[in-house]
Structure formats: structure tokens, C-alpha cells
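Chemist: One file: start-v3.cif (mmCIF, C-alpha atoms).
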data_query
loop_
_atom_site.group_PDB
_atom_site.id
_atom_site.type_symbol
_atom_site.label_atom_id
_atom_site.label_comp_id
_atom_site.auth_asym_id
_atom_site.auth_seq_id
_atom_site.Cartn_x
_atom_site.Cartn_y
_atom_site.Cartn_z
ATOM 1 C CA MET Z 1 0.000 0.000 0.000
ATOM 2 C CA SER Z 2 2.820 2.389 0.901
ATOM 3 C CA ALA Z 3 4.574 1.734 -2.408
ATOM 4 C CA THR Z 4 1.323 2.452 -4.246
ATOM 5 C CA ASN Z 5 0.820 5.686 -2.334
ATOM 6 C CA ASP Z 6 4.408 6.751 -2.988
ATOM 7 C CA ALA Z 7 4.015 6.049 -6.697
ATOM 8 C CA ALA Z 8 0.789 8.049 -6.853
ATOM 9 C CA ARG Z 9 2.382 10.957 -4.990
ATOM 10 C CA GLU Z 10 5.397 10.914 -7.295
ATOM 11 C CA ALA Z 11 3.089 10.977 -10.308
ATOM 12 C CA ARG Z 12 1.291 14.017 -8.888
ATOM 13 C CA ARG Z 13 4.617 15.727 -8.214
ATOM 14 C CA LEU Z 14 5.885 15.147 -11.738
ATOM 15 C CA ARG Z 15 2.621 16.377 -13.218
ATOM 16 C CA THR Z 16 2.739 19.511 -11.072
ATOM 17 C CA VAL Z 17 6.353 20.286 -11.973
ATOM 18 C CA ALA Z 18 5.615 19.722 -15.677
ATOM 19 C CA TRP Z 19 2.724 22.195 -15.597
ATOM 20 C CA ILE Z 20 4.749 24.803 -13.724
ATOM 21 C CA VAL Z 21 7.728 24.520 -16.075
ATOM 22 C CA ALA Z 22 5.470 24.683 -19.148
ATOM 23 C CA LEU Z 23 3.518 27.705 -17.922
ATOM 24 C CA ALA Z 24 6.643 29.470 -16.665
ATOM 25 C CA THR Z 25 8.461 28.909 -19.966
ATOM 26 C CA LEU Z 26 5.486 30.121 -21.993
ATOM 27 C CA GLY Z 27 5.210 33.197 -19.782
ATOM 28 C CA LEU Z 28 8.867 34.070 -20.338
ATOM 29 C CA ILE Z 29 8.516 33.491 -24.085
ATOM 30 C CA LEU Z 30 5.815 36.156 -24.061
ATOM 31 C CA ASP Z 31 8.023 38.334 -21.854
ATOM 32 C CA GLY Z 32 10.811 38.084 -24.414
ATOM 33 C CA TYR Z 33 8.378 38.895 -27.209
ATOM 34 C CA ASP Z 34 7.078 41.997 -25.446
ATOM 35 C CA LEU Z 35 10.583 43.279 -24.737
ATOM 36 C CA VAL Z 36 11.937 42.849 -28.258
ATOM 37 C CA VAL Z 37 8.929 43.667 -30.444
ATOM 38 C CA TYR Z 38 9.705 47.385 -30.117
ATOM 39 C CA GLY Z 39 12.975 46.821 -31.947
ATOM 40 C CA ALA Z 40 11.045 45.260 -34.802
ATOM 41 C CA VAL Z 41 8.763 48.281 -35.267
ATOM 42 C CA VAL Z 42 10.995 51.260 -34.399
ATOM 43 C CA SER Z 43 12.070 51.700 -38.021
ATOM 44 C CA THR Z 44 8.423 52.410 -38.863
ATOM 45 C CA PHE Z 45 8.336 55.220 -36.294
ATOM 46 C CA LEU Z 46 11.583 56.689 -37.617
ATOM 47 C CA ARG Z 47 10.270 56.713 -41.189
ATOM 48 C CA ASP Z 48 6.698 57.841 -40.668
ATOM 49 C CA PRO Z 49 5.648 60.433 -38.037
ATOM 50 C CA SER Z 50 1.947 59.761 -38.644
ATOM 51 C CA HIS Z 51 1.937 56.846 -36.187
ATOM 52 C CA ILE Z 52 2.954 58.373 -32.843
ATOM 53 C CA GLY Z 53 4.487 61.646 -33.933
ATOM 54 C CA PRO Z 54 8.047 62.564 -34.996
ATOM 55 C CA VAL Z 55 10.637 60.090 -33.702
ATOM 56 C CA THR Z 56 14.314 60.974 -33.972
ATOM 57 C CA PRO Z 57 17.060 58.421 -33.277
ATOM 58 C CA ALA Z 58 17.523 59.966 -29.821
ATOM 59 C CA VAL Z 59 13.794 59.700 -29.049
ATOM 60 C CA ALA Z 60 13.765 56.128 -30.365
ATOM 61 C CA GLY Z 61 16.553 55.246 -27.962
ATOM 62 C CA MET Z 62 14.684 56.756 -25.018
ATOM 63 C CA LEU Z 63 11.469 54.945 -25.930
ATOM 64 C CA GLY Z 64 13.388 51.689 -26.050
ATOM 65 C CA SER Z 65 14.844 52.269 -22.586
ATOM 66 C CA TYR Z 66 11.530 52.933 -20.833
ATOM 67 C CA ALA Z 67 10.503 49.278 -20.873
ATOM 68 C CA LEU Z 68 13.872 48.222 -19.453
ATOM 69 C CA VAL Z 69 13.560 50.721 -16.606
ATOM 70 C CA GLY Z 70 10.100 49.305 -15.931
ATOM 71 C CA VAL Z 71 11.525 45.784 -15.898
ATOM 72 C CA MET Z 72 14.081 46.791 -13.279
ATOM 73 C CA VAL Z 73 11.494 48.483 -11.052
ATOM 74 C CA GLY Z 74 9.000 45.638 -11.484
ATOM 75 C CA ALA Z 75 11.582 43.008 -10.577
ATOM 76 C CA LEU Z 76 12.606 44.921 -7.456
ATOM 77 C CA LEU Z 77 9.006 45.351 -6.317
ATOM 78 C CA ALA Z 78 8.006 41.764 -7.096
ATOM 79 C CA GLY Z 79 10.122 40.299 -4.287
ATOM 80 C CA THR Z 80 8.421 42.316 -1.571
ATOM 81 C CA VAL Z 81 4.939 42.004 -3.038
ATOM 82 C CA GLY Z 82 5.381 38.282 -3.708
ATOM 83 C CA ASP Z 83 6.449 37.642 -0.124
ATOM 84 C CA ARG Z 84 3.276 39.339 1.096
ATOM 85 C CA LEU Z 85 0.684 38.168 -1.427
ATOM 86 C CA GLY Z 86 2.147 34.892 -2.643
ATOM 87 C CA ARG Z 87 3.856 33.782 -5.845
ATOM 88 C CA ARG Z 88 0.694 32.677 -7.656
ATOM 89 C CA LYS Z 89 -1.182 35.953 -7.189
ATOM 90 C CA VAL Z 90 1.752 38.038 -8.374
ATOM 91 C CA MET Z 91 2.268 35.844 -11.443
ATOM 92 C CA LEU Z 92 -1.406 36.035 -12.424
ATOM 93 C CA LEU Z 93 -1.376 39.795 -11.872
ATOM 94 C CA SER Z 94 1.783 40.079 -13.978
ATOM 95 C CA TYR Z 95 0.165 38.218 -16.895
ATOM 96 C CA ALA Z 96 -2.836 40.549 -16.781
ATOM 97 C CA TRP Z 97 -0.657 43.642 -16.278
ATOM 98 C CA PHE Z 98 1.714 43.240 -19.205
ATOM 99 C CA SER Z 99 -1.126 42.077 -21.465
ATOM 100 C CA ALA Z 100 -3.081 45.232 -20.653
ATOM 101 C CA GLY Z 101 0.070 47.279 -21.178
ATOM 102 C CA MET Z 102 0.609 45.809 -24.629
ATOM 103 C CA ALA Z 103 -3.035 46.391 -25.595
ATOM 104 C CA LEU Z 104 -2.948 50.015 -24.468
ATOM 105 C CA THR Z 105 0.391 50.576 -26.201
ATOM 106 C CA ALA Z 106 -1.170 49.326 -29.432
ATOM 107 C CA MET Z 107 -3.573 52.271 -29.177
ATOM 108 C CA ALA Z 108 -0.939 54.909 -28.345
ATOM 109 C CA SER Z 109 -1.111 58.057 -30.446
ATOM 110 C CA SER Z 110 1.869 60.070 -29.176
ATOM 111 C CA THR Z 111 5.479 59.442 -28.230
ATOM 112 C CA ALA Z 112 4.801 60.467 -24.613
ATOM 113 C CA MET Z 113 1.887 58.033 -24.305
ATOM 114 C CA PHE Z 114 3.883 55.287 -25.996
ATOM 115 C CA GLY Z 115 6.840 55.814 -23.655
ATOM 116 C CA TRP Z 116 4.799 55.774 -20.444
ATOM 117 C CA LEU Z 117 2.916 52.687 -21.558
ATOM 118 C CA ARG Z 118 6.184 50.914 -22.373
ATOM 119 C CA PHE Z 119 7.365 51.715 -18.854
ATOM 120 C CA ALA Z 120 4.104 50.383 -17.381
ATOM 121 C CA THR Z 121 4.351 47.221 -19.475
ATOM 122 C CA GLY Z 122 7.914 46.750 -18.260
ATOM 123 C CA LEU Z 123 6.664 46.682 -14.663
ATOM 124 C CA GLY Z 124 4.612 43.581 -15.427
ATOM 125 C CA ILE Z 125 7.426 41.973 -17.403
ATOM 126 C CA GLY Z 126 9.956 42.501 -14.607
ATOM 127 C CA SER Z 127 7.521 41.305 -11.975
ATOM 128 C CA LEU Z 128 6.915 38.104 -13.913
ATOM 129 C CA LEU Z 129 10.638 37.507 -14.413
ATOM 130 C CA ALA Z 130 11.392 37.705 -10.693
ATOM 131 C CA THR Z 131 8.340 35.772 -9.496
ATOM 132 C CA THR Z 132 8.787 33.004 -12.056
ATOM 133 C CA ALA Z 133 12.341 32.410 -10.845
ATOM 134 C CA ALA Z 134 11.150 32.179 -7.223
ATOM 135 C CA LEU Z 135 8.239 29.805 -7.909
ATOM 136 C CA VAL Z 136 10.212 27.526 -10.224
ATOM 137 C CA SER Z 137 13.047 27.259 -7.681
ATOM 138 C CA GLU Z 138 10.593 26.316 -4.923
ATOM 139 C CA TYR Z 139 8.975 23.586 -7.024
ATOM 140 C CA ALA Z 140 12.084 22.255 -8.786
ATOM 141 C CA PRO Z 141 13.305 18.836 -7.589
ATOM 142 C CA LYS Z 142 16.427 18.819 -5.449
ATOM 143 C CA GLY Z 143 19.532 18.869 -7.559
ATOM 144 C CA ARG Z 144 17.613 20.007 -10.645
ATOM 145 C CA LYS Z 145 16.945 23.661 -9.866
ATOM 146 C CA ASN Z 146 19.634 25.029 -12.153
ATOM 147 C CA THR Z 147 18.508 22.809 -15.028
ATOM 148 C CA ILE Z 148 14.855 23.746 -14.698
ATOM 149 C CA ASN Z 149 15.648 27.435 -14.299
ATOM 150 C CA ALA Z 150 17.770 27.214 -17.445
ATOM 151 C CA ILE Z 151 14.841 25.640 -19.318
ATOM 152 C CA THR Z 152 12.362 28.309 -18.241
ATOM 153 C CA ASN Z 153 14.770 31.205 -18.811
ATOM 154 C CA GLY Z 154 15.326 29.860 -22.309
ATOM 155 C CA GLY Z 155 11.869 31.215 -23.028
ATOM 156 C CA ILE Z 156 13.199 34.792 -23.139
ATOM 157 C CA PRO Z 157 15.437 34.365 -26.225
ATOM 158 C CA LEU Z 158 12.735 32.207 -27.834
ATOM 159 C CA GLY Z 159 10.296 35.073 -27.388
ATOM 160 C CA SER Z 160 12.818 37.457 -28.909
ATOM 161 C CA LEU Z 161 13.131 35.231 -31.968
ATOM 162 C CA LEU Z 162 9.344 34.971 -32.151
ATOM 163 C CA ALA Z 163 9.023 38.761 -32.201
ATOM 164 C CA ALA Z 164 11.469 39.031 -35.112
ATOM 165 C CA LEU Z 165 9.808 36.188 -37.022
ATOM 166 C CA LEU Z 166 6.280 37.531 -36.634
ATOM 167 C CA ALA Z 167 7.456 41.004 -37.593
ATOM 168 C CA MET Z 168 8.871 39.639 -40.851
ATOM 169 C CA LEU Z 169 5.728 37.632 -41.602
ATOM 170 C CA LEU Z 170 2.957 39.928 -40.377
ATOM 171 C CA MET Z 171 4.206 43.515 -40.261
ATOM 172 C CA GLN Z 172 2.946 44.374 -43.733
ATOM 173 C CA HIS Z 173 -0.462 42.862 -42.950
ATOM 174 C CA VAL Z 174 -1.235 43.959 -39.379
ATOM 175 C CA GLY Z 175 1.150 46.869 -38.874
ATOM 176 C CA TRP Z 176 3.003 47.692 -35.678
ATOM 177 C CA ARG Z 177 -0.237 47.960 -33.723
ATOM 178 C CA GLY Z 178 -1.163 44.419 -34.668
ATOM 179 C CA LEU Z 179 2.157 43.130 -33.374
ATOM 180 C CA PHE Z 180 1.481 44.796 -30.029
ATOM 181 C CA TRP Z 181 -2.037 43.344 -29.944
ATOM 182 C CA ILE Z 182 -0.434 39.912 -30.315
ATOM 183 C CA GLY Z 183 1.516 40.693 -27.148
ATOM 184 C CA ALA Z 184 -1.800 41.212 -25.340
ATOM 185 C CA LEU Z 185 -3.075 37.692 -26.109
ATOM 186 C CA PRO Z 186 -1.879 36.155 -22.788
ATOM 187 C CA VAL Z 187 -4.862 37.702 -21.022
ATOM 188 C CA VAL Z 188 -7.183 35.347 -22.950
ATOM 189 C CA THR Z 189 -4.809 32.390 -23.327
ATOM 190 C CA LEU Z 190 -2.101 32.037 -20.702
ATOM 191 C CA LEU Z 191 -3.926 33.748 -17.839
ATOM 192 C CA PRO Z 192 -6.993 31.433 -17.807
ATOM 193 C CA LEU Z 193 -4.760 28.369 -18.098
ATOM 194 C CA ALA Z 194 -2.508 29.526 -15.257
ATOM 195 C CA TRP Z 195 -5.553 30.338 -13.116
ATOM 196 C CA PHE Z 196 -6.473 26.652 -13.062
ATOM 197 C CA LYS Z 197 -3.069 24.985 -13.359
ATOM 198 C CA MET Z 198 -0.590 27.247 -11.520
ATOM 199 C CA PRO Z 199 -0.527 26.350 -7.798
ATOM 200 C CA GLU Z 200 0.683 28.507 -4.958
ATOM 201 C CA SER Z 201 4.081 27.735 -3.455
ATOM 202 C CA VAL Z 202 3.890 25.122 -0.675
ATOM 203 C CA ALA Z 203 7.027 26.609 0.868
ATOM 204 C CA TRP Z 204 5.498 30.104 0.869
ATOM 205 C CA LEU Z 205 2.319 28.907 2.580
ATOM 206 C CA ALA Z 206 4.368 27.062 5.219
ATOM 207 C CA ALA Z 207 6.603 30.075 5.791
ATOM 208 C CA ARG Z 208 3.534 32.231 6.393
ATOM 209 C CA GLY Z 209 2.208 29.792 8.994
ATOM 210 C CA ARG Z 210 -0.716 28.666 6.831
ATOM 211 C CA MET Z 211 -0.015 25.019 7.544
ATOM 212 C CA GLU Z 212 -3.468 23.603 6.806
ATOM 213 C CA GLU Z 213 -3.371 25.092 3.317
ATOM 214 C CA ALA Z 214 0.246 23.997 2.873
ATOM 215 C CA ARG Z 215 -0.523 20.393 3.837
ATOM 216 C CA ALA Z 216 -3.588 20.272 1.585
ATOM 217 C CA LEU Z 217 -1.614 21.671 -1.352
ATOM 218 C CA SER Z 218 1.271 19.300 -0.614
ATOM 219 C CA GLU Z 219 -1.113 16.363 -0.810
ATOM 220 C CA ARG Z 220 -2.721 17.614 -4.009
ATOM 221 C CA THR Z 221 0.521 18.424 -5.833
ATOM 222 C CA GLY Z 222 2.791 15.728 -4.405
ATOM 223 C CA ILE Z 223 5.298 18.384 -3.286
ATOM 224 C CA GLU Z 224 6.816 17.707 0.129
ATOM 225 C CA LEU Z 225 6.436 20.202 2.944
ATOM 226 C CA PRO Z 226 9.647 22.041 3.856
ATOM 227 C CA GLU Z 227 11.660 20.100 6.423
ATOM 228 C CA ALA Z 228 11.434 22.909 8.950
ATOM 229 C CA ALA Z 229 7.639 23.047 8.754
ATOM 230 C CA PRO Z 230 5.757 21.735 11.805
ATOM 231 C CA VAL Z 231 3.913 18.465 11.342
#
Reformat the file's structure so that it appears as C-alpha cells.

Modeler:
Amino acid sequence: MSATNDAAREARRLRTVAWIVALATLGLILDGYDLVVYGAVVSTFLRDPSHIGPVTPAVAGMLGSYALVGVMVGALLAGTVGDRLGRRKVMLLSYAWFSAGMALTAMASSTAMFGWLRFATGLGIGSLLATTAALVSEYAPKGRKNTINAITNGGIPLGSLLAALLAMLLMQHVGWRGLFWIGALPVVTLLPLAWFKMPESVAWLAARGRMEEARALSERTGIELPEAAPV
């Protein structure tokens, strides 16, 4: 009976880890897309001022930096917010945040609006980067954390390649606004899937003293409680 129970628990653990790695990787692919898609459309702004107004090379450089500043601020804030609210809530909020940012950016009509929206989108991107690393590390099997983190972080360059590929294939058909609308798709694709399949961190629940929830989640996911947690 014990061997059967252990096998069932191991199956649940593997299934949980597989879902987390898949969702985390997909999220970072979309992160990479959102960061790099600006580089694929900036030549349009430089050529044609009718989109968001006149854009000089200096202005183009500033617009490109706003998202990166947002990423830095979002990553710094995510640690504190994630420790208070939990990894799952921050990740779901990040998906919704950067999707909304991309959608609003697609409707920008001035360089100032475009720049501020790129900064706001960067907040969600940075928050997701930091929270994904924390959740994946807490769920990764012992001795495999570096490997699994490498797999999920590989999503960022994949997203960058995806942005370049879609720009080559679709730019002439959907324009730069269409490419940004593509970046907003996670709110209707990834977010609902993560809502049902992305669990909270067992370690976070235990660290917050929410032991009943931690034990129930441990049983459901097959993830062991932290060794220091009270039985």
C-alpha cells in the first residue's frame, strides 16, 4: 500500500512540476516577445511620423529604454509584493498587467503616451521575471533547480526570436499595432490556463504559517512540505 501511495504521490509531483515549467516557460517566451517587439517596429516610427508623432534616433533610444527601466522596477518590487501576497497571485497579476500594457500601447497616439505605456508594461514583465524564478526554484526537484531554471529562462530568447519572425511575416499585414495586440493575447490564453493549473508555493504557505493550506496543497501536488515546517 505504501509503495502504491508513494508512486501516486510521485506521479502528482511530476505532473505539477511539468505544468509549472510549461507555464513558466510560456510566460517568459511572451516576456521576451514583449521586450523585443519594439525593436522590430521602431524603423516604422523613424520613417513615418503619422503613427505616434516625430521620432528621432535619440527619441527612439529613449522609448526603447523605458521598458527596461520598468523591468528593473517591477523586478525589485516583485520580491516584496510576492512575499506578502504569494507567488501565484503576483504571477497572475503580472500576466494581466503586461497584457493590458501591450493592448494600451497598441492604441498609443503620441510618443509620450507610448513611452509611459512601455514603462508600465515593463513593470509587469519585470515582476513576472522575478516571481517566475522564485516559484520555479521552490517547485524544482532537489539537484535540478539550475537545469529547470535554465529551461524556463530559455523562453526569453525564444520570445525574442518569435518577435522578429512575426514582424517579418505579419508587419505588412497587421502593422506595428497588430504586433502589439499579439503581445496582449496572454490575457485570454495564458492567464486562464494559469488560473487553473498554476498552484501557490507550498514553501510560501508554510513560511507564512498557513499550515493547513500547505498540507492540503502538498497532498494535491505531491510536493513535500519544507523540512522545517511543523507536522

Chemist: Run the PyMOL selection byres ((chain Z and resi 123) around 9) against the file shown and list the residues it catches, as a count of residues only.

Modeler: 23

Chemist: Could you tell me which residues the PyMOL selection byres ((chain Z and resi 205-215) around 12) grabs in this file, written as JSON, numbers by chain?

Modeler: {"Z": [82, 83, 84, 85, 86, 87, 88, 138, 199, 200, 201, 202, 203, 204, 216, 217, 218, 219, 220, 221, 222, 223, 224, 225, 226, 227, 228, 229, 230, 231]}

Chemist: Taking into account all atoms listed in the file, which residue in the set Z:Leu117, Z:Val174, Z:Thr4, Z:Leu14 is nearest to Ser99 in chain Z?

Modeler: Z:Leu117

Chemist: Record the distance separating CA of Gly101 in chain Z and CA of Ala184 in chain Z, expressed in Å with one decimal.

Modeler: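 So the answer is 7.6 Å.
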
Chemist: Just checking: using all atoms listed in the file, which residue out of Z:Thr105, Z:Ser160, Z:Thr152, Z:Ser65 ends up closest to Trp181 in chain Z?

Modeler: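 The closest residue to Trp181 in chain Z is Z:Thr105.
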
Chemist: So what do you get for CA of Glu10 in chain Z versus CA of Pro141 in chain Z, distance-wise?

Modeler: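 Separating CA of Glu10 in chain Z from CA of Pro141 in chain Z is a distance of 11.2 Å.
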
Chemist: Grab all the atoms of range 193-210 of chain Z that the file lists, wrap them in a box along x, y and z, add 5 Å per side, and give me centre plus edge lengths in Å (one decimal) as lines of an AutoDock Vina configuration file.

Modeler:
center_x = 0.3
center_y = 28.6
center_z = -4.6
size_x = 23.5
size_y = 17.2
size_z = 37.1

Chemist: Translate the PyMOL selection byres ((chain Z and resi 110) around 10) into a concrete residue list for this structure, as a count of residues only.

Modeler: 15

Chemist: Give me the residues near range 25-33 of chain Z as a list in words, where near means some atom within 8 Å (using only C-alpha atoms) and where sequence neighbours in that chain fewer than 6 positions away do not count.

Modeler: Tyr95, Ile125, Leu128, Leu129, Ile151, Thr152, Asn153, Gly154, Gly155, Ile156, Pro157, Leu158, Gly159, Ser160, Leu161, Leu162, Ala163, Gly183, Pro186 and Leu190 of chain Z

Chemist: Print the selection's residues with C-alpha atoms to a file, as an mmCIF file, in the frame of the given file.

Modeler:
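The new file part-v8.cif reads:
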data_model
loop_
_atom_site.group_PDB
_atom_site.id
_atom_site.type_symbol
_atom_site.label_atom_id
_atom_site.label_comp_id
_atom_site.auth_asym_id
_atom_site.auth_seq_id
_atom_site.Cartn_x
_atom_site.Cartn_y
_atom_site.Cartn_z
ATOM 1 C CA TYR Z 95 0.165 38.218 -16.895
ATOM 2 C CA ILE Z 125 7.426 41.973 -17.403
ATOM 3 C CA LEU Z 128 6.915 38.104 -13.913
ATOM 4 C CA LEU Z 129 10.638 37.507 -14.413
ATOM 5 C CA ILE Z 151 14.841 25.640 -19.318
ATOM 6 C CA THR Z 152 12.362 28.309 -18.241
ATOM 7 C CA ASN Z 153 14.770 31.205 -18.811
ATOM 8 C CA GLY Z 154 15.326 29.860 -22.309
ATOM 9 C CA GLY Z 155 11.869 31.215 -23.028
ATOM 10 C CA ILE Z 156 13.199 34.792 -23.139
ATOM 11 C CA PRO Z 157 15.437 34.365 -26.225
ATOM 12 C CA LEU Z 158 12.735 32.207 -27.834
ATOM 13 C CA GLY Z 159 10.296 35.073 -27.388
ATOM 14 C CA SER Z 160 12.818 37.457 -28.909
ATOM 15 C CA LEU Z 161 13.131 35.231 -31.968
ATOM 16 C CA LEU Z 162 9.344 34.971 -32.151
ATOM 17 C CA ALA Z 163 9.023 38.761 -32.201
ATOM 18 C CA GLY Z 183 1.516 40.693 -27.148
ATOM 19 C CA PRO Z 186 -1.879 36.155 -22.788
ATOM 20 C CA LEU Z 190 -2.101 32.037 -20.702
#

Chemist: Just range 7-48 of chain Z from the block, C-alpha atoms, as a JSON list (two decimals), in the first residue's frame, could you?

Modeler:
[["chain", "number", "residue", "atom", "x", "y", "z"],
["Z", 7, "ALA", "CA", 4.02, 6.05, -6.70],
["Z", 8, "ALA", "CA", 0.79, 8.05, -6.85],
["Z", 9, "ARG", "CA", 2.38, 10.96, -4.99],
["Z", 10, "GLU", "CA", 5.40, 10.91, -7.30],
["Z", 11, "ALA", "CA", 3.09, 10.98, -10.31],
["Z", 12, "ARG", "CA", 1.29, 14.02, -8.89],
["Z", 13, "ARG", "CA", 4.62, 15.73, -8.21],
["Z", 14, "LEU", "CA", 5.89, 15.15, -11.74],
["Z", 15, "ARG", "CA", 2.62, 16.38, -13.22],
["Z", 16, "THR", "CA", 2.74, 19.51, -11.07],
["Z", 17, "VAL", "CA", 6.35, 20.29, -11.97],
["Z", 18, "ALA", "CA", 5.61, 19.72, -15.68],
["Z", 19, "TRP", "CA", 2.72, 22.20, -15.60],
["Z", 20, "ILE", "CA", 4.75, 24.80, -13.72],
["Z", 21, "VAL", "CA", 7.73, 24.52, -16.07],
["Z", 22, "ALA", "CA", 5.47, 24.68, -19.15],
["Z", 23, "LEU", "CA", 3.52, 27.71, -17.92],
["Z", 24, "ALA", "CA", 6.64, 29.47, -16.66],
["Z", 25, "THR", "CA", 8.46, 28.91, -19.97],
["Z", 26, "LEU", "CA", 5.49, 30.12, -21.99],
["Z", 27, "GLY", "CA", 5.21, 33.20, -19.78],
["Z", 28, "LEU", "CA", 8.87, 34.07, -20.34],
["Z", 29, "ILE", "CA", 8.52, 33.49, -24.09],
["Z", 30, "LEU", "CA", 5.82, 36.16, -24.06],
["Z", 31, "ASP", "CA", 8.02, 38.33, -21.85],
["Z", 32, "GLY", "CA", 10.81, 38.08, -24.41],
["Z", 33, "TYR", "CA", 8.38, 38.90, -27.21],
["Z", 34, "ASP", "CA", 7.08, 42.00, -25.45],
["Z", 35, "LEU", "CA", 10.58, 43.28, -24.74],
["Z", 36, "VAL", "CA", 11.94, 42.85, -28.26],
["Z", 37, "VAL", "CA", 8.93, 43.67, -30.44],
["Z", 38, "TYR", "CA", 9.70, 47.38, -30.12],
["Z", 39, "GLY", "CA", 12.97, 46.82, -31.95],
["Z", 40, "ALA", "CA", 11.04, 45.26, -34.80],
["Z", 41, "VAL", "CA", 8.76, 48.28, -35.27],
["Z", 42, "VAL", "CA", 11.00, 51.26, -34.40],
["Z", 43, "SER", "CA", 12.07, 51.70, -38.02],
["Z", 44, "THR", "CA", 8.42, 52.41, -38.86],
["Z", 45, "PHE", "CA", 8.34, 55.22, -36.29],
["Z", 46, "LEU", "CA", 11.58, 56.69, -37.62],
["Z", 47, "ARG", "CA", 10.27, 56.71, -41.19],
["Z", 48, "ASP", "CA", 6.70, 57.84, -40.67]]
